file final-v8.txt (compact mmCIF, C-alpha atoms and all ligand atoms)
# COMPACT_ATOMS: atom_id res chain seq x y z
CA MET A 156 103.13 146.85 107.47
CA PHE A 157 106.66 148.12 106.78
CA HIS A 158 108.05 148.36 103.24
CA ILE A 159 111.74 149.05 103.72
CA TYR A 160 114.11 149.85 100.84
CA SER A 161 117.79 150.81 100.63
CA THR A 162 117.05 154.16 99.07
CA SER A 163 114.28 156.72 99.04
CA GLU A 164 114.09 156.27 95.26
CA GLN A 165 113.28 152.57 95.67
CA ALA A 166 110.73 153.26 98.39
CA SER A 167 109.08 155.91 96.20
CA GLN A 168 108.99 153.46 93.29
CA ALA A 169 107.31 150.88 95.52
CA LEU A 170 104.73 153.39 96.70
CA ALA A 171 104.08 154.47 93.12
CA SER A 172 103.29 150.86 92.29
CA TYR A 173 101.05 150.55 95.36
CA PHE A 174 99.29 153.79 94.37
CA ALA A 175 98.67 152.48 90.85
CA GLU A 176 97.29 149.18 92.13
CA ALA A 177 95.02 150.98 94.59
CA ALA A 178 93.75 153.21 91.79
CA LYS A 179 93.01 150.31 89.45
CA GLU A 180 91.32 148.28 92.17
CA ALA A 181 89.13 151.21 93.25
CA VAL A 182 88.07 151.97 89.68
CA GLN A 183 87.31 148.31 89.00
CA THR A 184 85.17 147.96 92.11
CA GLN A 185 83.56 151.41 92.42
CA GLY A 186 84.21 153.20 89.18
CA ARG A 187 86.38 155.91 90.76
CA PHE A 188 89.54 156.38 92.84
CA THR A 189 89.51 158.89 95.71
CA VAL A 190 92.94 159.83 97.03
CA ALA A 191 94.31 162.36 99.51
CA LEU A 192 97.80 163.65 98.81
CA THR A 193 100.33 164.91 101.30
CA GLY A 194 102.68 167.88 101.35
CA GLY A 195 106.19 167.93 102.75
CA SER A 196 109.40 167.07 100.96
CA SER A 197 109.23 163.26 101.20
CA PRO A 198 106.52 162.64 98.56
CA LYS A 199 108.10 164.78 95.81
CA GLN A 200 110.01 161.85 94.31
CA LEU A 201 106.84 159.76 94.37
CA TYR A 202 104.92 162.50 92.55
CA GLN A 203 107.64 162.80 89.92
CA ILE A 204 107.59 159.05 89.36
CA LEU A 205 103.80 159.05 89.00
CA ALA A 206 104.05 161.93 86.53
CA ASN A 207 106.12 159.84 84.13
CA SER A 208 105.58 156.64 82.25
CA PRO A 209 104.55 153.96 82.96
CA TYR A 210 102.32 155.47 85.66
CA ARG A 211 101.30 158.56 83.72
CA ASP A 212 99.91 156.27 81.05
CA SER A 213 98.50 153.39 83.10
CA ILE A 214 96.74 154.96 86.11
CA PRO A 215 93.04 155.71 85.46
CA TRP A 216 93.58 159.45 86.01
CA ASN A 217 90.27 160.34 84.37
CA LYS A 218 88.47 158.46 87.17
CA THR A 219 90.73 159.81 89.93
CA PHE A 220 89.49 162.39 92.47
CA VAL A 221 92.29 164.27 94.19
CA PHE A 222 92.08 165.77 97.67
CA TRP A 223 94.69 166.83 100.23
CA GLY A 224 95.26 165.68 103.79
CA ASP A 225 96.27 169.14 104.93
CA GLU A 226 97.19 172.61 103.79
CA ARG A 227 98.83 175.75 105.06
CA SER A 228 96.42 178.66 105.10
CA VAL A 229 98.38 180.59 102.48
CA PRO A 230 97.39 181.49 98.92
CA PHE A 231 97.90 178.91 96.20
CA ASN A 232 100.88 180.77 94.76
CA ASP A 233 102.77 180.82 98.05
CA SER A 234 105.76 178.46 97.94
CA ARG A 235 104.54 176.86 101.22
CA ASN A 236 101.26 175.77 99.63
CA ASN A 237 101.03 171.96 99.44
CA ALA A 238 98.71 171.99 96.44
CA LYS A 239 101.11 174.22 94.48
CA MET A 240 103.94 171.75 95.04
CA THR A 241 101.72 168.84 94.03
CA PHE A 242 100.56 170.54 90.85
CA GLU A 243 104.16 171.27 89.89
CA ALA A 244 105.43 167.78 90.62
CA LEU A 245 102.43 165.73 89.48
CA LEU A 246 99.07 167.20 88.60
CA ASN A 247 100.23 169.46 85.77
CA HIS A 248 101.62 166.38 84.04
CA VAL A 249 98.80 163.82 84.25
CA PRO A 250 95.32 163.86 82.73
CA VAL A 251 93.18 164.26 85.87
CA PRO A 252 90.16 166.39 84.92
CA LYS A 253 90.60 169.76 86.66
CA ASP A 254 87.10 169.55 88.15
CA GLN A 255 88.16 166.37 89.99
CA ILE A 256 90.99 168.15 91.84
CA TYR A 257 90.07 169.75 95.18
CA PRO A 258 92.78 171.88 96.80
CA MET A 259 91.99 173.26 100.26
CA SER A 260 91.55 177.01 99.93
CA GLY A 261 94.16 179.27 101.49
CA GLU A 262 92.39 182.29 100.07
CA ILE A 263 89.61 182.42 102.68
CA PRO A 264 89.81 182.28 106.50
CA ALA A 265 90.93 178.87 107.72
CA ASP A 266 87.72 178.06 109.62
CA GLU A 267 85.64 178.80 106.52
CA SER A 268 88.04 176.84 104.38
CA ALA A 269 87.76 173.80 106.67
CA ARG A 270 83.93 173.94 106.56
CA GLN A 271 83.97 174.44 102.82
CA TYR A 272 86.24 171.40 102.39
CA GLU A 273 84.06 169.27 104.63
CA GLY A 274 81.10 170.27 102.43
CA ILE A 275 82.99 169.27 99.30
CA LEU A 276 83.84 165.90 100.84
CA GLN A 277 80.24 165.34 101.97
CA LYS A 278 79.07 165.96 98.44
CA HIS A 279 81.73 163.67 97.03
CA PHE A 280 80.83 160.82 99.37
CA ALA A 281 77.06 161.45 99.26
CA GLY A 282 75.22 158.17 99.67
CA GLN A 283 78.46 156.24 100.24
CA PRO A 284 80.67 155.59 103.24
CA PRO A 285 83.11 158.52 103.62
CA GLN A 286 86.15 156.41 102.95
CA PHE A 287 89.17 157.50 100.98
CA ASP A 288 90.59 154.71 98.85
CA LEU A 289 94.07 155.92 99.73
CA ILE A 290 95.48 158.61 101.99
CA LEU A 291 99.16 159.51 101.75
CA LEU A 292 100.78 160.92 104.89
CA GLY A 293 104.17 162.16 106.01
CA LEU A 294 105.65 162.10 109.49
CA GLY A 295 107.30 165.12 111.09
CA GLU A 296 110.24 164.80 113.48
CA ASN A 297 107.96 166.04 116.26
CA GLY A 298 105.43 163.25 115.63
CA HIS A 299 102.93 165.27 113.62
CA THR A 300 101.18 163.99 110.56
CA ALA A 301 98.95 165.92 108.16
CA SER A 302 98.45 169.06 110.32
CA LEU A 303 97.81 167.10 113.49
CA PHE A 304 100.46 168.74 115.67
CA PRO A 305 101.32 167.90 119.28
CA TYR A 306 99.08 169.41 121.95
CA THR A 307 96.68 171.15 119.55
CA PRO A 308 92.88 171.15 120.05
CA VAL A 309 92.26 169.44 116.71
CA LEU A 310 93.58 166.21 118.24
CA GLU A 311 90.41 166.03 120.38
CA GLU A 312 88.07 166.48 117.41
CA LYS A 313 85.63 163.57 117.07
CA GLU A 314 82.84 164.87 114.79
CA ARG A 315 84.35 167.07 112.13
CA TRP A 316 86.06 165.62 109.05
CA VAL A 317 88.13 168.73 108.42
CA LYS A 318 89.27 171.36 110.90
CA GLU A 319 91.50 174.39 111.14
CA VAL A 320 94.35 174.58 113.63
CA TYR A 321 96.49 177.56 114.67
CA LEU A 322 100.18 176.86 115.17
CA THR A 323 101.67 179.49 117.45
CA ASP A 324 105.29 178.70 116.61
CA GLN A 325 104.60 179.02 112.87
CA GLN A 326 102.12 181.89 113.41
CA MET A 327 99.92 180.27 110.84
CA TYR A 328 96.62 178.52 110.47
CA ARG A 329 96.55 175.15 108.80
CA ILE A 330 93.63 173.04 107.63
CA THR A 331 93.65 169.30 108.16
CA LEU A 332 91.62 166.14 107.84
CA THR A 333 90.93 164.94 111.39
CA ALA A 334 92.24 161.66 112.75
CA PRO A 335 88.81 159.92 113.02
CA PHE A 336 88.10 160.82 109.41
CA ILE A 337 91.52 159.69 108.17
CA ASN A 338 91.00 156.42 110.01
CA GLN A 339 87.95 155.59 107.86
CA ALA A 340 90.23 155.20 104.82
CA LYS A 341 90.65 151.88 103.07
CA LYS A 342 94.39 152.35 102.72
CA ILE A 343 96.78 154.73 104.47
CA ALA A 344 100.40 154.98 103.37
CA PHE A 345 103.06 156.92 105.24
CA ILE A 346 106.14 157.98 103.34
CA LEU A 347 109.31 159.08 105.14
CA PHE A 348 113.01 158.90 104.70
CA GLY A 349 116.31 159.54 106.40
CA SER A 350 117.98 159.01 109.74
CA SER A 351 116.37 162.16 111.16
CA LYS A 352 113.05 160.24 111.16
CA ALA A 353 114.36 157.03 112.76
CA GLN A 354 113.70 157.96 116.38
CA VAL A 355 110.24 159.43 115.82
CA LEU A 356 109.22 156.42 113.73
CA TYR A 357 110.34 154.14 116.55
CA ASP A 358 108.47 156.22 119.13
CA VAL A 359 105.28 156.31 117.07
CA VAL A 360 105.09 152.61 116.29
CA LYS A 361 106.91 150.95 119.20
CA GLY A 362 106.88 153.57 121.95
CA LYS A 363 104.39 154.40 124.68
CA TYR A 364 100.96 155.49 123.41
CA GLN A 365 100.89 159.24 124.02
CA PRO A 366 99.05 160.73 121.05
CA ASP A 367 98.93 164.29 122.44
CA PHE A 368 102.71 164.25 122.19
CA LEU A 369 102.93 161.99 119.10
CA PRO A 370 99.77 162.69 117.06
CA ALA A 371 100.73 160.21 114.34
CA GLN A 372 99.81 157.52 116.88
CA LEU A 373 96.16 158.53 116.33
CA ILE A 374 96.36 157.06 112.84
CA LYS A 375 94.88 153.59 113.20
CA PRO A 376 92.57 152.66 110.32
CA SER A 377 89.32 151.24 111.67
CA SER A 378 89.03 148.59 108.99
CA GLY A 379 91.60 149.60 106.37
CA LYS A 380 95.30 148.91 105.96
CA LEU A 381 98.25 150.93 107.27
CA HIS A 382 101.52 150.86 105.33
CA TRP A 383 104.88 152.53 105.91
CA PHE A 384 107.10 153.16 102.87
CA ILE A 385 110.51 153.99 104.28
CA ASP A 386 114.23 153.78 103.60
CA GLU A 387 116.80 151.85 105.65
CA ALA A 388 117.99 155.04 107.33
CA ALA A 389 114.56 155.78 108.75
CA ALA A 390 113.88 152.12 109.51
CA HIS A 391 116.97 151.15 111.44
CA LEU A 392 115.39 151.32 114.91
CA VAL A 393 112.15 149.53 114.05
CA LYS A 394 113.56 146.54 112.17
O1 LIG B 401 102.22 170.00 104.74
C1 LIG B 401 103.03 169.29 105.25
O2 LIG B 401 104.20 169.63 105.47
C2 LIG B 401 102.58 167.94 105.64
O3 LIG B 401 101.42 167.53 105.27
C3 LIG B 401 103.23 167.40 106.88
O4 LIG B 401 102.43 166.63 107.69
C4 LIG B 401 104.42 166.61 106.38
O5 LIG B 401 104.01 165.42 105.78
C5 LIG B 401 105.41 166.33 107.47
O6 LIG B 401 105.79 167.57 108.01
C6 LIG B 401 106.64 165.62 106.97
O7 LIG B 401 107.29 166.45 106.07
P1 LIG B 401 108.59 166.01 105.28
O8 LIG B 401 108.20 164.95 104.33
O9 LIG B 401 109.04 167.28 104.60
O10 LIG B 401 109.57 165.55 106.31
call {"tool": "encode", "arguments": {"input": "final-v8.txt", "output": "structure tokens"}}
result
Amino acid sequence: MFHIYSTSEQASQALASYFAEAAKEAVQTQGRFTVALTGGSSPKQLYQILANSPYRDSIPWNKTFVFWGDERSVPFNDSRNNAKMTFEALLNHVPVPKDQIYPMSGEIPADESARQYEGILQKHFAGQPPQFDLILLGLGENGHTASLFPYTPVLEEKERWVKEVYLTDQQMYRITLTAPFINQAKKIAFILFGSSKAQVLYDVVKGKYQPDFLPAQLIKPSSGKLHWFIDEAAAHLVK
């Protein structure tokens, strides 16, 4: 479902409200809210909105468990680290217990980090279906989402929940939730803005299915809901 707004600010406000509703609903039904955050520039406004009232005061942060959809394999203090950005924009300002926040480690080799993260998730979901209540995702101009990049082996992964991927052009490992695992989520919300995303958004949702080339096409929740929070500039080809 598309949620299209004139400005990125309005779209971020709408997603903040959706986030808050998802959190309250999850806590009411299961006693906790499990969310995966995204990196990139698009969610920063959302995080800043969530860090301030009314959301800072109304979301059940003390029952919220925070994970990430992907991470660059760089130390936490590196400016490219997704968790660092999220702490600065959101997590340092809201009362989520620190032991309920699970950054992917960039301090150990990426393959170990991916296995470690899978272990953390298995423990978190022990005895329950491994379903995030909400996963936030961005969309890159080349069709990637999380760290599911075109023509990378991780796109073929069917068993693992979390996997490392080496990106030759960036000369960097990244760690990512895999598409089959993301697709278990109850709610998935993409956030993207600007005319530079219009063509890729069109290609992903209306174009030919070619997920090796456009990995975001792999995101199809098996029983959950898929939402797109976008501005007019990004939406103009899909409307
Ligand atoms: O770590 C990251 O960068 C992301 O998880 C990545 O998948 C991002 O969401 C897209 O690249 C879109 O990024 P923008 O929002 O900056 O366009």
call {"tool": "atom_distance", "arguments": {"input": "final-v8.txt", "atom1": "atom CA of A:Gly194", "atom2": "atom CA of A:Leu291"}}
result
9.1 Å
call {"tool": "closest_residue", "arguments": {"input": "final-v8.txt", "among": "A:Val251, A:Leu347, A:Ile256, A:Leu322", "to": "A:Gly195", "atoms": "all atoms listed in the file"}}
result
A:Leu347
call {"tool": "closest_residue", "arguments": {"input": "final-v8.txt", "among": "A:Val221, A:Ala171, A:Leu245, A:Val190", "to": "A:Ala206", "atoms": "only C-alpha atoms"}}
result
A:Leu245
call {"tool": "residues_near_ligand", "arguments": {"input": "final-v8.txt", "ligand": "ligand LIG 401 (chain B)", "cutoff": "6 Å", "atoms": "all atoms listed in the file", "output": "MDAnalysis selection string"}}
result
chainID A and resid 193:197 225:226 237 292:295 300:302
call {"tool": "atom_distance", "arguments": {"input": "final-v8.txt", "atom1": "atom CA of A:Leu373", "atom2": "atom CA of A:Pro258"}}
result
23.9 Å
call {"tool": "residues_near_point", "arguments": {"input": "final-v8.txt", "point": "(98.6, 173.6, 104.7)", "cutoff": "12 Å", "atoms": "all atoms listed in the file", "output": "number ranges by chain"}}
result
A: 192-195, 223-231, 233-240, 258-262, 265, 268-269, 300-303, 318-322, 325, 327-332
call {"tool": "closest_residue", "arguments": {"input": "final-v8.txt", "among": "A:Ala353, A:Ala390, A:Ile385, A:Ile263", "to": "A:Glu164", "atoms": "all atoms listed in the file"}}
result
A:Ile385
call {"tool": "closest_residue", "arguments": {"input": "final-v8.txt", "among": "A:Trp216, A:Phe157, A:Phe242, A:Tyr257", "to": "A:Tyr272", "atoms": "only C-alpha atoms"}}
result
A:Tyr257
call {"tool": "residues_around", "arguments": {"input": "final-v8.txt", "residues": "stretch 355-370 of chain A", "least_positions_apart": "6", "cutoff": "8 Å", "atoms": "only C-alpha atoms", "output": "PDB file with C-alpha atoms, keeping the file's coordinate frame"}}
result
ATOM      1  CA  LEU A 294     105.650 162.100 109.490  1.00  0.00           C
ATOM      2  CA  GLY A 295     107.300 165.120 111.090  1.00  0.00           C
ATOM      3  CA  GLU A 296     110.240 164.800 113.480  1.00  0.00           C
ATOM      4  CA  ASN A 297     107.960 166.040 116.260  1.00  0.00           C
ATOM      5  CA  GLY A 298     105.430 163.250 115.630  1.00  0.00           C
ATOM      6  CA  HIS A 299     102.930 165.270 113.620  1.00  0.00           C
ATOM      7  CA  THR A 300     101.180 163.990 110.560  1.00  0.00           C
ATOM      8  CA  LEU A 303      97.810 167.100 113.490  1.00  0.00           C
ATOM      9  CA  PHE A 304     100.460 168.740 115.670  1.00  0.00           C
ATOM     10  CA  PRO A 305     101.320 167.900 119.280  1.00  0.00           C
ATOM     11  CA  TYR A 306      99.080 169.410 121.950  1.00  0.00           C
ATOM     12  CA  THR A 307      96.680 171.150 119.550  1.00  0.00           C
ATOM     13  CA  LEU A 310      93.580 166.210 118.240  1.00  0.00           C
ATOM     14  CA  ALA A 389     114.560 155.780 108.750  1.00  0.00           C
ATOM     15  CA  ALA A 390     113.880 152.120 109.510  1.00  0.00           C
ATOM     16  CA  LEU A 392     115.390 151.320 114.910  1.00  0.00           C
ATOM     17  CA  VAL A 393     112.150 149.530 114.050  1.00  0.00           C
TER      18      VAL A 393
END
call {"tool": "closest_residue", "arguments": {"input": "final-v8.txt", "among": "A:Ala281, A:Leu276, A:Met156, A:Ile290", "to": "A:Ala340", "atoms": "only C-alpha atoms"}}
result
A:Ile290
call {"tool": "atom_distance", "arguments": {"input": "final-v8.txt", "atom1": "atom CA of A:Phe220", "atom2": "atom CA of A:Phe345"}}
result
19.4 Å
call {"tool": "residues_around", "arguments": {"input": "final-v8.txt", "residues": "A:Asp254", "least_positions_apart": "4", "cutoff": "12 Å", "atoms": "all atoms listed in the file", "output": "PDB file with C-alpha atoms, keeping the file's coordinate frame"}}
result
ATOM      1  CA  ASN A 217      90.270 160.340  84.370  1.00  0.00           C
ATOM      2  CA  LYS A 218      88.470 158.460  87.170  1.00  0.00           C
ATOM      3  CA  THR A 219      90.730 159.810  89.930  1.00  0.00           C
ATOM      4  CA  PHE A 220      89.490 162.390  92.470  1.00  0.00           C
ATOM      5  CA  VAL A 221      92.290 164.270  94.190  1.00  0.00           C
ATOM      6  CA  PHE A 222      92.080 165.770  97.670  1.00  0.00           C
ATOM      7  CA  PRO A 250      95.320 163.860  82.730  1.00  0.00           C
ATOM      8  CA  PRO A 258      92.780 171.880  96.800  1.00  0.00           C
ATOM      9  CA  ILE A 275      82.990 169.270  99.300  1.00  0.00           C
ATOM     10  CA  HIS A 279      81.730 163.670  97.030  1.00  0.00           C
TER      11      HIS A 279
END
call {"tool": "residues_around", "arguments": {"input": "final-v8.txt", "residues": "A:Phe336", "least_positions_apart": "4", "cutoff": "10 Å", "atoms": "only C-alpha atoms", "output": "list in words"}}
result
Pro285, Gln286, Phe287, Glu312, Lys313, Glu314, Arg315, Trp316, Val317, Leu332, Ala340, Ile374, Pro376 and Ser377 of chain A
call {"tool": "closest_residue", "arguments": {"input": "final-v8.txt", "among": "A:Leu381, A:Ile159, A:Leu289, A:Ala169", "to": "A:Ala191", "atoms": "only C-alpha atoms"}}
result
A:Leu289
call {"tool": "axis_aligned_box", "arguments": {"input": "final-v8.txt", "around": "stretch 265-270 of chain A", "padding_each_side": "6 Å", "output": "lines of an AutoDock Vina configuration file"}}
result
center_x = 87.4
center_y = 176.3
center_z = 107.0
size_x = 19.0
size_y = 17.1
size_z = 17.2
